[in-house]
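Report on one structure; see the data block that follows.
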Amino acid sequence: MAASRIVIENCAIATVDAHDTEYASGHVVVADHRIESVGAGPAPARLENVVRRVDGTGHLVTPGLVNTHHHFYQWLTRGLATDHNLFDWLVALYPTWARLDEQMVRAAAQGSLAMMVRGGVTTAMDHHYVYPRGTGDLSGAIIGAAAEMGVRFTLARGSMDRGVSDGGLPPDFAVESLDGALAATEATMDTHHDASFDAMTQIAVAPCSPFSVTTELLKQAAELARRKGVRLHTHGSETVEEEQFCKELFGMGPTDYFESTGWLGSDVWMAHCVHMNDADIAAFGRTGTGVAHCPSSNARLAAGIARVPDMLRAGVPVGLGVDGTASNESGELHTELRNALLINRLSAHGESALNARQALRLGTYGGAQVLGRADQIGSIEPGKLADLVLWKLDTLAHASIADPVTALIFGAAAPVTLSLVNGRTVVEDGHLTTVDEAAIARDTRSEAQRLARIAAQG
């Protein structure tokens with residue numbers, strides 16, 4: 001059967017390939033769910049079975065954005081504990097999060113996904129680690145919401161087994177047992193993980209953090225992930241308090257602790273990594289351990305500025321993350337492109353910290369590297385999956401910026417005219433095509449109110 005083709009032409013193109021190839025006016029041809037060709041000028045003549053032609057005049061095409069760290073459930077607790085550092089923020093919100101149920105989690109996933117996808121995300125991930133007892137199939141609810149949205153998705157199936165009574169932060173009734181967490185994680189992989197090239201759903205093993213899981217859970221989780229051939233994810237080196245916690249409890253800093261538990265490697269990525277010294281960064285570079293950089297969340301919680309330029313120079317794979325919307329209320333990844341560049345320029349590297357094209361790479365190819373999918377997504381190259389975004393840059397907001405990549409990164413958030421995932425349209429003229437945005441807004445508002453009432457009752 002002949003391939004159905006979509007042709008996008010007359011647009012600027014930033015391929016984010018190994019050579020940062022760009023075209024001032026070019027074309028992209030999609031055949032079914034793969035990129036067939038990309039190049040300068042109009043598309044090849046006499047293409048067969050073209051089902052759609054898109055005039056991209058005034059637009060920039062980039063790879064779809066890849067989000068590498070998020071907590072969807074936090075959509076229901078946005079705007080709370082706005083003046084807290086990380087530990088105080090967690091203590092303030094854990095009692096509410098511990099009241100989540102399946103209906104709430106699905107609504108929160110829909111809200112979080114809708115904001116990201118509408119803003120150019122084509123591959124999302126969720127680090128969900130709150131599994132209160134008897135609350136339904138939370139993982140299934142999240143995966144179902146992503147499938148309905150049509151987004152490529154990784155669920156980092158999280159876990160916690162260190163409650164307050166064991167020196168952790170979460171309430172005891174919100175944590176799992178060691179064996180229960182491992183069994184549930186393995187069952188999620190067996191049910192949902194797809195290892196194929198064009199997979200829409202993948203699972204990672206993701207104990208929450210050093211201060212909410214035991215050493216034994218970290219060790220056995222790493223063994224489980226490697227036995228199953230999936231990736232590993234957790235929080236690391238986010239705050240000064242975390243470093244102090246690790247030194248007091250384990251006699252070493254977070255990076256050395258992670259290495260002692262088998263948690264450094266090319267199949268691992270960690271969120272935040274704000275407080276890392278030269279030896280830590282060198283260890284990540286040596287082992288290929290990835291980082292999810294979350295600039296807005298780091299600023300919201302006053303965690304500090306991650307040393308992204310030093311990580312990149314050391315060969316550390318770095319992608320961008322929204323993080324949960326209780327610490328980044330906008331919930332949008334495309335704003336993180338700009339924030340990553342600006343915040344890192346406040347570091348010792350100054351204006352040389354990051355440029356526009358490096359920021360775009362963090363949000364696309366860098367994210368694909370971190371999720372272990374750089375051979376499939378993250379750049380516009382023939383044979384890769386057709387995850388593409390067409391950004392509108394011919395309005396007042398960008399009218400006087402000549403370079404389209406500079407306009408996208410330095411300028412106001414650009415509207416998305418078209419977004420494709422696997423060659424399927426998920427955004428058209430700034431609106432989601434697969435779900436009802438107004439219904440999602442109503443449902444998430446209702447579920448947030450219900451959660452607040454239940455939490456208030458204790």
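Residue names in the structure tokens use chain letters A, B, ... in the order shown, residue numbers from 1 in each chain, and ligand numbers from 1 in the order shown.
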
Handout entry: Residue neighbourhood Ser330 in chain A, 10 Å, only C-alpha atoms, exclusion window fewer than 6 positions, as a PyMOL selection string
Key = chain A and resi 75+78+112+115-116+296+322+324

Deliver the residues from the most recent selection as a file, using C-alpha atoms, as a PDB file, in the first residue's frame.
```pdb
ATOM      1  CA  TRP A  75      -1.883  19.899  38.370  1.00  0.00           C
ATOM      2  CA  ARG A  78      -1.155  24.542  41.616  1.00  0.00           C
ATOM      3  CA  SER A 112      -0.794  18.536  32.401  1.00  0.00           C
ATOM      4  CA  MET A 115      -0.808  22.340  28.353  1.00  0.00           C
ATOM      5  CA  MET A 116       2.379  20.696  27.154  1.00  0.00           C
ATOM      6  CA  SER A 296      11.588  27.324  36.329  1.00  0.00           C
ATOM      7  CA  VAL A 322       8.619  21.193  33.172  1.00  0.00           C
ATOM      8  CA  GLY A 324       5.297  19.310  38.436  1.00  0.00           C
TER       9      GLY A 324
END
```

Practice task
Please return as a PyMOL selection string: the residues of range 220-350 of chain A that backbone DSSP assigns to helix (DSSP H, G or I).
Solution key: chain A and resi 220-228+240-250+254-260+278-287+295-300+308-313+334-344+350

Restricting it to C-alpha atoms, dump the selection as a CSV table (one decimal), in the first residue's frame.
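The resulting file, part04.csv, is shown below:
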```
chain,number,residue,atom,x,y,z
A,220,GLN,CA,16.8,-3.7,43.8
A,221,ALA,CA,15.1,-1.2,41.5
A,222,ALA,CA,18.3,-0.8,39.5
A,223,GLU,CA,18.6,-4.6,39.2
A,224,LEU,CA,15.0,-4.9,38.1
A,225,ALA,CA,15.3,-2.2,35.4
A,226,ARG,CA,18.5,-3.8,34.0
A,227,ARG,CA,16.9,-7.3,34.0
A,228,LYS,CA,14.0,-5.9,32.1
A,240,VAL,CA,21.7,21.8,49.7
A,241,GLU,CA,19.4,20.1,52.2
A,242,GLU,CA,19.4,16.9,50.2
A,243,GLU,CA,23.2,16.9,50.2
A,244,GLN,CA,23.3,17.4,54.0
A,245,PHE,CA,20.7,14.6,54.3
A,246,CYS,CA,22.8,12.1,52.3
A,247,LYS,CA,25.9,13.0,54.2
A,248,GLU,CA,24.2,12.6,57.6
A,249,LEU,CA,22.4,9.3,56.7
A,250,PHE,CA,24.8,7.7,54.3
A,254,PRO,CA,24.3,12.2,46.6
A,255,THR,CA,26.4,11.3,43.5
A,256,ASP,CA,28.7,8.9,45.5
A,257,TYR,CA,25.6,7.5,47.1
A,258,PHE,CA,23.9,6.9,43.8
A,259,GLU,CA,27.0,5.3,42.4
A,260,SER,CA,27.2,2.9,45.5
A,278,ASP,CA,33.4,19.1,39.5
A,279,ALA,CA,33.8,15.4,40.6
A,280,ASP,CA,30.0,14.8,40.4
A,281,ILE,CA,29.8,16.3,36.9
A,282,ALA,CA,32.8,14.2,35.8
A,283,ALA,CA,31.2,11.1,37.1
A,284,PHE,CA,28.0,11.8,35.1
A,285,GLY,CA,30.0,12.5,32.0
A,286,ARG,CA,32.1,9.4,32.4
A,287,THR,CA,29.1,7.1,32.9
A,295,PRO,CA,15.0,25.9,35.4
A,296,SER,CA,11.6,27.3,36.3
A,297,SER,CA,11.0,24.8,39.1
A,298,ASN,CA,14.5,25.3,40.4
A,299,ALA,CA,13.9,29.0,40.6
A,300,ARG,CA,10.3,28.6,42.1
A,308,VAL,CA,24.3,23.1,32.6
A,309,PRO,CA,27.2,24.6,30.6
A,310,ASP,CA,29.7,22.5,32.6
A,311,MET,CA,27.6,19.4,32.2
A,312,LEU,CA,27.5,19.8,28.4
A,313,ARG,CA,31.2,20.4,28.2
A,334,HIS,CA,8.5,25.8,25.5
A,335,THR,CA,8.9,28.5,28.1
A,336,GLU,CA,11.7,26.4,29.6
A,337,LEU,CA,13.7,26.9,26.4
A,338,ARG,CA,14.0,30.6,27.2
A,339,ASN,CA,14.3,30.2,30.9
A,340,ALA,CA,17.1,27.7,30.5
A,341,LEU,CA,19.1,30.2,28.5
A,342,LEU,CA,18.4,33.2,30.7
A,343,ILE,CA,18.9,31.5,34.1
A,344,ASN,CA,22.1,29.9,33.0
A,350,GLY,CA,27.7,34.8,31.8
```

Handout entry: Close residues, Gly372 in chain A itself excluded, 10 Å, only C-alpha atoms, min 6 positions apart in chain, as a PyMOL selection string
Key = chain A and resi 230-231+266-269+290+366

Output of the above residues as a PDB file, in the first residue's frame, restricted to C-alpha atoms:
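This went into part_15.pdb:
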```pdb
ATOM      1  CA  VAL A 230      14.328  -0.327  30.712  1.00  0.00           C
ATOM      2  CA  ARG A 231      15.672   3.009  31.900  1.00  0.00           C
ATOM      3  CA  SER A 266      23.934   5.492  30.344  1.00  0.00           C
ATOM      4  CA  ASP A 267      20.510   4.006  31.162  1.00  0.00           C
ATOM      5  CA  VAL A 268      19.930   6.507  34.012  1.00  0.00           C
ATOM      6  CA  TRP A 269      18.721  10.094  34.083  1.00  0.00           C
ATOM      7  CA  GLY A 290      21.607  12.044  31.948  1.00  0.00           C
ATOM      8  CA  GLY A 366      18.932  16.469  24.333  1.00  0.00           C
TER       9      GLY A 366
END
```

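CA of Tyr94 in chain A is found 21.2 Å from CA of Ala184 in chain A.
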
Exercise for the section: Write down as a ChimeraX atom specification the residues of range 24-172 of chain A whose backbone DSSP state falls under strand (DSSP E). Expected result: /A:24-31,34-40,50-55,59-63,65-66,121-128,152-159

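Taking CA of Ala271 in chain A and CA of Cys294 in chain A as the two end points, the separation is 7.5 Å.
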
Can you pull out every residue within 12 Å of Asp436 in chain A, counting only C-alpha atoms, but drop anything in the same chain fewer than 2 positions away, and send it as a PDB file with N, CA, C and O atoms, in the first residue's frame?
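For reference, selection_27.pdb as written:
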```pdb
ATOM      1  N   GLN A 110      -4.590  14.655  32.270  1.00  0.00           N
ATOM      2  CA  GLN A 110      -5.163  15.319  31.100  1.00  0.00           C
ATOM      3  C   GLN A 110      -4.810  16.804  31.075  1.00  0.00           C
ATOM      4  O   GLN A 110      -4.452  17.354  30.025  1.00  0.00           O
ATOM      5  N   GLY A 111      -4.906  17.465  32.218  1.00  0.00           N
ATOM      6  CA  GLY A 111      -4.575  18.878  32.274  1.00  0.00           C
ATOM      7  C   GLY A 111      -3.106  19.141  31.973  1.00  0.00           C
ATOM      8  O   GLY A 111      -2.758  20.030  31.187  1.00  0.00           O
ATOM      9  N   ALA A 114      -2.376  18.398  28.272  1.00  0.00           N
ATOM     10  CA  ALA A 114      -2.970  19.375  27.369  1.00  0.00           C
ATOM     11  C   ALA A 114      -2.122  20.629  27.268  1.00  0.00           C
ATOM     12  O   ALA A 114      -1.895  21.151  26.158  1.00  0.00           O
ATOM     13  N   GLU A 148      -4.984   8.894  24.838  1.00  0.00           N
ATOM     14  CA  GLU A 148      -6.107   9.674  24.321  1.00  0.00           C
ATOM     15  C   GLU A 148      -5.616  10.974  23.688  1.00  0.00           C
ATOM     16  O   GLU A 148      -6.133  11.415  22.664  1.00  0.00           O
ATOM     17  N   MET A 149      -4.593  11.601  24.287  1.00  0.00           N
ATOM     18  CA  MET A 149      -4.040  12.846  23.770  1.00  0.00           C
ATOM     19  C   MET A 149      -3.268  12.626  22.477  1.00  0.00           C
ATOM     20  O   MET A 149      -3.124  13.529  21.657  1.00  0.00           O
ATOM     21  N   VAL A 426      -1.933  16.523  16.226  1.00  0.00           N
ATOM     22  CA  VAL A 426      -2.422  16.635  17.601  1.00  0.00           C
ATOM     23  C   VAL A 426      -2.726  18.081  17.978  1.00  0.00           C
ATOM     24  O   VAL A 426      -3.454  18.326  18.943  1.00  0.00           O
ATOM     25  N   VAL A 427      -2.161  19.048  17.221  1.00  0.00           N
ATOM     26  CA  VAL A 427      -2.479  20.464  17.417  1.00  0.00           C
ATOM     27  C   VAL A 427      -2.689  21.094  16.044  1.00  0.00           C
ATOM     28  O   VAL A 427      -1.891  20.877  15.125  1.00  0.00           O
ATOM     29  N   HIS A 431      -4.880  24.708  18.795  1.00  0.00           N
ATOM     30  CA  HIS A 431      -5.855  23.953  19.581  1.00  0.00           C
ATOM     31  C   HIS A 431      -5.613  22.449  19.458  1.00  0.00           C
ATOM     32  O   HIS A 431      -5.236  21.948  18.395  1.00  0.00           O
ATOM     33  N   LEU A 432      -5.863  21.747  20.536  1.00  0.00           N
ATOM     34  CA  LEU A 432      -5.746  20.294  20.534  1.00  0.00           C
ATOM     35  C   LEU A 432      -6.819  19.685  19.645  1.00  0.00           C
ATOM     36  O   LEU A 432      -7.971  20.131  19.657  1.00  0.00           O
ATOM     37  N   THR A 433      -6.449  18.668  18.893  1.00  0.00           N
ATOM     38  CA  THR A 433      -7.398  18.039  17.976  1.00  0.00           C
ATOM     39  C   THR A 433      -7.968  16.734  18.502  1.00  0.00           C
ATOM     40  O   THR A 433      -8.945  16.232  17.958  1.00  0.00           O
ATOM     41  N   THR A 434      -7.380  16.175  19.529  1.00  0.00           N
ATOM     42  CA  THR A 434      -7.769  14.834  19.979  1.00  0.00           C
ATOM     43  C   THR A 434      -8.655  14.839  21.217  1.00  0.00           C
ATOM     44  O   THR A 434      -9.243  13.812  21.557  1.00  0.00           O
ATOM     45  N   ALA A 438     -12.008  22.440  26.791  1.00  0.00           N
ATOM     46  CA  ALA A 438     -12.937  23.018  27.770  1.00  0.00           C
ATOM     47  C   ALA A 438     -13.390  21.972  28.780  1.00  0.00           C
ATOM     48  O   ALA A 438     -13.503  22.261  29.984  1.00  0.00           O
ATOM     49  N   ALA A 439     -13.620  20.756  28.305  1.00  0.00           N
ATOM     50  CA  ALA A 439     -14.030  19.682  29.222  1.00  0.00           C
ATOM     51  C   ALA A 439     -12.907  19.347  30.193  1.00  0.00           C
ATOM     52  O   ALA A 439     -13.165  19.102  31.383  1.00  0.00           O
ATOM     53  N   ILE A 440     -11.669  19.349  29.711  1.00  0.00           N
ATOM     54  CA  ILE A 440     -10.527  19.077  30.588  1.00  0.00           C
ATOM     55  C   ILE A 440     -10.412  20.161  31.659  1.00  0.00           C
ATOM     56  O   ILE A 440     -10.177  19.871  32.835  1.00  0.00           O
ATOM     57  N   ALA A 441     -10.612  21.417  31.252  1.00  0.00           N
ATOM     58  CA  ALA A 441     -10.548  22.514  32.225  1.00  0.00           C
ATOM     59  C   ALA A 441     -11.609  22.336  33.312  1.00  0.00           C
ATOM     60  O   ALA A 441     -11.336  22.511  34.505  1.00  0.00           O
ATOM     61  N   ARG A 442     -12.809  21.962  32.896  1.00  0.00           N
ATOM     62  CA  ARG A 442     -13.885  21.762  33.882  1.00  0.00           C
ATOM     63  C   ARG A 442     -13.563  20.595  34.811  1.00  0.00           C
ATOM     64  O   ARG A 442     -13.724  20.691  36.035  1.00  0.00           O
ATOM     65  N   ASP A 443     -13.115  19.496  34.226  1.00  0.00           N
ATOM     66  CA  ASP A 443     -12.845  18.309  35.031  1.00  0.00           C
ATOM     67  C   ASP A 443     -11.707  18.534  36.020  1.00  0.00           C
ATOM     68  O   ASP A 443     -11.786  18.103  37.179  1.00  0.00           O
TER      69      ASP A 443
END
```

Problem - Residues within 12 Å of Thr77 in chain A, only C-alpha atoms, excluding chain neighbours under 3 positions, as an NGL selection string - result: :A and (71-74 or 80-82 or 89-90 or 92-100 or 104-105 or 108 or 111-112 or 324-329 or 444-445 or 447-452 or 455)

Now that the selection is made, can you save its residues with N, CA, C and O atoms as a short mmCIF file (atom, residue, chain, number, x, y, z; two decimals), in the first residue's frame?
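As a result, selection_19.cif now contains:
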```cif
data_model
loop_
_atom_site.label_atom_id
_atom_site.label_comp_id
_atom_site.auth_asym_id
_atom_site.auth_seq_id
_atom_site.Cartn_x
_atom_site.Cartn_y
_atom_site.Cartn_z
N HIS A 71 5.54 15.81 37.03
CA HIS A 71 4.66 15.12 37.98
C HIS A 71 3.24 15.59 37.67
O HIS A 71 2.79 16.63 38.17
N PHE A 72 2.54 14.83 36.86
CA PHE A 72 1.23 15.27 36.37
C PHE A 72 0.24 15.53 37.50
O PHE A 72 -0.57 16.46 37.42
N TYR A 73 0.28 14.71 38.55
CA TYR A 73 -0.74 14.81 39.60
C TYR A 73 -0.74 16.18 40.25
O TYR A 73 -1.76 16.62 40.80
N GLN A 74 0.37 16.90 40.18
CA GLN A 74 0.47 18.19 40.85
C GLN A 74 -0.39 19.27 40.18
O GLN A 74 -0.55 20.37 40.74
N LEU A 80 -0.21 26.64 45.39
CA LEU A 80 -0.13 26.46 46.84
C LEU A 80 1.33 26.48 47.29
O LEU A 80 2.23 26.18 46.51
N ALA A 81 1.56 26.80 48.55
CA ALA A 81 2.92 26.82 49.12
C ALA A 81 3.88 27.56 48.20
O ALA A 81 4.95 27.07 47.87
N THR A 82 3.49 28.76 47.82
CA THR A 82 4.25 29.50 46.79
C THR A 82 5.53 30.13 47.31
O THR A 82 6.34 30.61 46.50
N TRP A 89 8.02 22.80 51.20
CA TRP A 89 6.98 22.64 50.18
C TRP A 89 6.46 21.20 50.17
O TRP A 89 5.25 20.96 50.14
N LEU A 90 7.38 20.23 50.24
CA LEU A 90 6.97 18.82 50.28
C LEU A 90 6.17 18.51 51.53
O LEU A 90 5.12 17.84 51.47
N ALA A 92 4.42 20.54 53.25
CA ALA A 92 3.12 21.21 53.16
C ALA A 92 2.15 20.48 52.25
O ALA A 92 0.94 20.46 52.52
N LEU A 93 2.64 19.85 51.19
CA LEU A 93 1.76 19.30 50.16
C LEU A 93 1.58 17.79 50.22
O LEU A 93 0.57 17.27 49.71
N TYR A 94 2.51 17.05 50.82
CA TYR A 94 2.36 15.59 50.88
C TYR A 94 1.03 15.14 51.49
O TYR A 94 0.39 14.20 50.99
N PRO A 95 0.54 15.76 52.56
CA PRO A 95 -0.73 15.31 53.13
C PRO A 95 -1.90 15.40 52.14
O PRO A 95 -2.82 14.57 52.18
N THR A 96 -1.85 16.39 51.25
CA THR A 96 -2.88 16.50 50.21
C THR A 96 -2.67 15.47 49.12
O THR A 96 -3.60 14.78 48.69
N TRP A 97 -1.43 15.34 48.65
CA TRP A 97 -1.14 14.39 47.58
C TRP A 97 -1.48 12.96 48.00
O TRP A 97 -1.84 12.13 47.17
N ALA A 98 -1.36 12.68 49.27
CA ALA A 98 -1.63 11.32 49.76
C ALA A 98 -3.11 10.96 49.67
O ALA A 98 -3.48 9.80 49.91
N ARG A 99 -3.98 11.93 49.30
CA ARG A 99 -5.42 11.67 49.17
C ARG A 99 -5.85 11.47 47.72
O ARG A 99 -7.04 11.39 47.44
N LEU A 100 -4.90 11.37 46.81
CA LEU A 100 -5.23 11.20 45.40
C LEU A 100 -5.94 9.88 45.14
O LEU A 100 -5.66 8.87 45.80
N MET A 104 -8.92 11.47 40.12
CA MET A 104 -8.13 12.70 40.23
C MET A 104 -6.87 12.62 39.38
O MET A 104 -6.51 13.58 38.67
N VAL A 105 -6.19 11.50 39.45
CA VAL A 105 -4.92 11.34 38.73
C VAL A 105 -5.15 11.42 37.21
O VAL A 105 -4.36 12.03 36.49
N ALA A 108 -5.78 15.09 36.34
CA ALA A 108 -4.53 15.85 36.43
C ALA A 108 -3.62 15.55 35.25
O ALA A 108 -2.96 16.46 34.71
N GLY A 111 -4.91 17.46 32.22
CA GLY A 111 -4.57 18.88 32.27
C GLY A 111 -3.11 19.14 31.97
O GLY A 111 -2.76 20.03 31.19
N SER A 112 -2.24 18.36 32.61
CA SER A 112 -0.79 18.54 32.40
C SER A 112 -0.42 18.28 30.95
O SER A 112 0.35 19.04 30.34
N GLY A 324 6.71 19.27 38.10
CA GLY A 324 5.30 19.31 38.44
C GLY A 324 4.75 20.72 38.45
O GLY A 324 5.46 21.69 38.73
N THR A 325 3.45 20.84 38.16
CA THR A 325 2.86 22.17 38.07
C THR A 325 2.54 22.77 39.44
O THR A 325 1.98 23.86 39.52
N ALA A 326 2.90 22.08 40.52
CA ALA A 326 2.87 22.72 41.84
C ALA A 326 4.17 23.48 42.10
O ALA A 326 4.28 24.20 43.09
N SER A 327 5.16 23.33 41.20
CA SER A 327 6.38 24.14 41.31
C SER A 327 6.73 24.80 39.98
O SER A 327 7.81 25.37 39.83
N ASN A 328 5.83 24.72 39.01
CA ASN A 328 5.96 25.43 37.73
C ASN A 328 4.55 25.56 37.16
O ASN A 328 4.15 24.81 36.28
N GLU A 329 3.83 26.52 37.70
CA GLU A 329 2.39 26.58 37.44
C GLU A 329 2.03 26.73 35.97
O GLU A 329 0.91 26.38 35.57
N THR A 444 -10.65 19.19 35.58
CA THR A 444 -9.52 19.39 36.48
C THR A 444 -9.88 20.36 37.61
O THR A 444 -9.45 20.18 38.75
N ARG A 445 -10.68 21.36 37.29
CA ARG A 445 -11.13 22.29 38.35
C ARG A 445 -11.97 21.55 39.38
O ARG A 445 -11.79 21.72 40.60
N GLU A 447 -11.96 18.29 40.08
CA GLU A 447 -11.17 17.32 40.83
C GLU A 447 -10.24 18.02 41.82
O GLU A 447 -9.98 17.50 42.91
N ALA A 448 -9.73 19.19 41.46
CA ALA A 448 -8.89 19.95 42.40
C ALA A 448 -9.70 20.36 43.62
O ALA A 448 -9.22 20.30 44.76
N GLN A 449 -10.94 20.78 43.39
CA GLN A 449 -11.80 21.17 44.50
C GLN A 449 -12.14 19.96 45.37
O GLN A 449 -12.17 20.07 46.61
N ARG A 450 -12.40 18.82 44.75
CA ARG A 450 -12.71 17.60 45.53
C ARG A 450 -11.52 17.18 46.36
O ARG A 450 -11.67 16.79 47.53
N LEU A 451 -10.31 17.23 45.78
CA LEU A 451 -9.11 16.87 46.53
C LEU A 451 -8.92 17.81 47.71
O LEU A 451 -8.58 17.36 48.82
N ALA A 452 -9.13 19.11 47.51
CA ALA A 452 -8.97 20.07 48.60
C ALA A 452 -9.95 19.78 49.74
O ALA A 452 -9.59 19.86 50.92
N ALA A 455 -8.75 16.59 51.59
CA ALA A 455 -7.55 16.87 52.38
C ALA A 455 -7.90 17.68 53.63
O ALA A 455 -7.33 17.46 54.72
#
```

Problem - Long-range neighbours of Ala124 in chain A as a list of chain:residue names, 8 Å cut-off, only C-alpha atoms, 6 positions minimum in chain - result: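 Contacts, in chain order: A:Val66, A:Asn67, A:Thr68, A:Leu113, A:Met116, A:Val151, A:Arg152, A:Phe153, A:Thr154.
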
Handout entry: Nearby residues (only C-alpha atoms) at most 9 Å from Asn49 in chain A, same-chain spacing under 5 positions excluded, as a list in words
Key = Ala2, Ala3, Ser4, Arg5 and Ile6 of chain A

Just the selected residues (N, CA and C atoms), exported as a PDB file, in the first residue's frame, please.
```pdb
ATOM      1  N   ALA A   2       0.582   2.204  -0.864  1.00  0.00           N
ATOM      2  CA  ALA A   2       1.396   3.406  -0.974  1.00  0.00           C
ATOM      3  C   ALA A   2       1.297   4.249   0.288  1.00  0.00           C
ATOM      4  N   ALA A   3       2.418   4.860   0.654  1.00  0.00           N
ATOM      5  CA  ALA A   3       2.454   5.693   1.848  1.00  0.00           C
ATOM      6  C   ALA A   3       1.647   6.961   1.643  1.00  0.00           C
ATOM      7  N   SER A   4       0.916   7.392   2.670  1.00  0.00           N
ATOM      8  CA  SER A   4       0.258   8.692   2.660  1.00  0.00           C
ATOM      9  C   SER A   4       1.278   9.750   3.052  1.00  0.00           C
ATOM     10  N   ARG A   5       1.277  10.854   2.305  1.00  0.00           N
ATOM     11  CA  ARG A   5       2.296  11.874   2.539  1.00  0.00           C
ATOM     12  C   ARG A   5       1.690  13.202   2.972  1.00  0.00           C
ATOM     13  N   ILE A   6       2.398  13.864   3.904  1.00  0.00           N
ATOM     14  CA  ILE A   6       2.122  15.245   4.279  1.00  0.00           C
ATOM     15  C   ILE A   6       3.334  16.061   3.856  1.00  0.00           C
TER      16      ILE A   6
END
```

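From CA of Gly150 in chain A back to CA of Leu60 in chain A, the distance works out to 22.4 Å.
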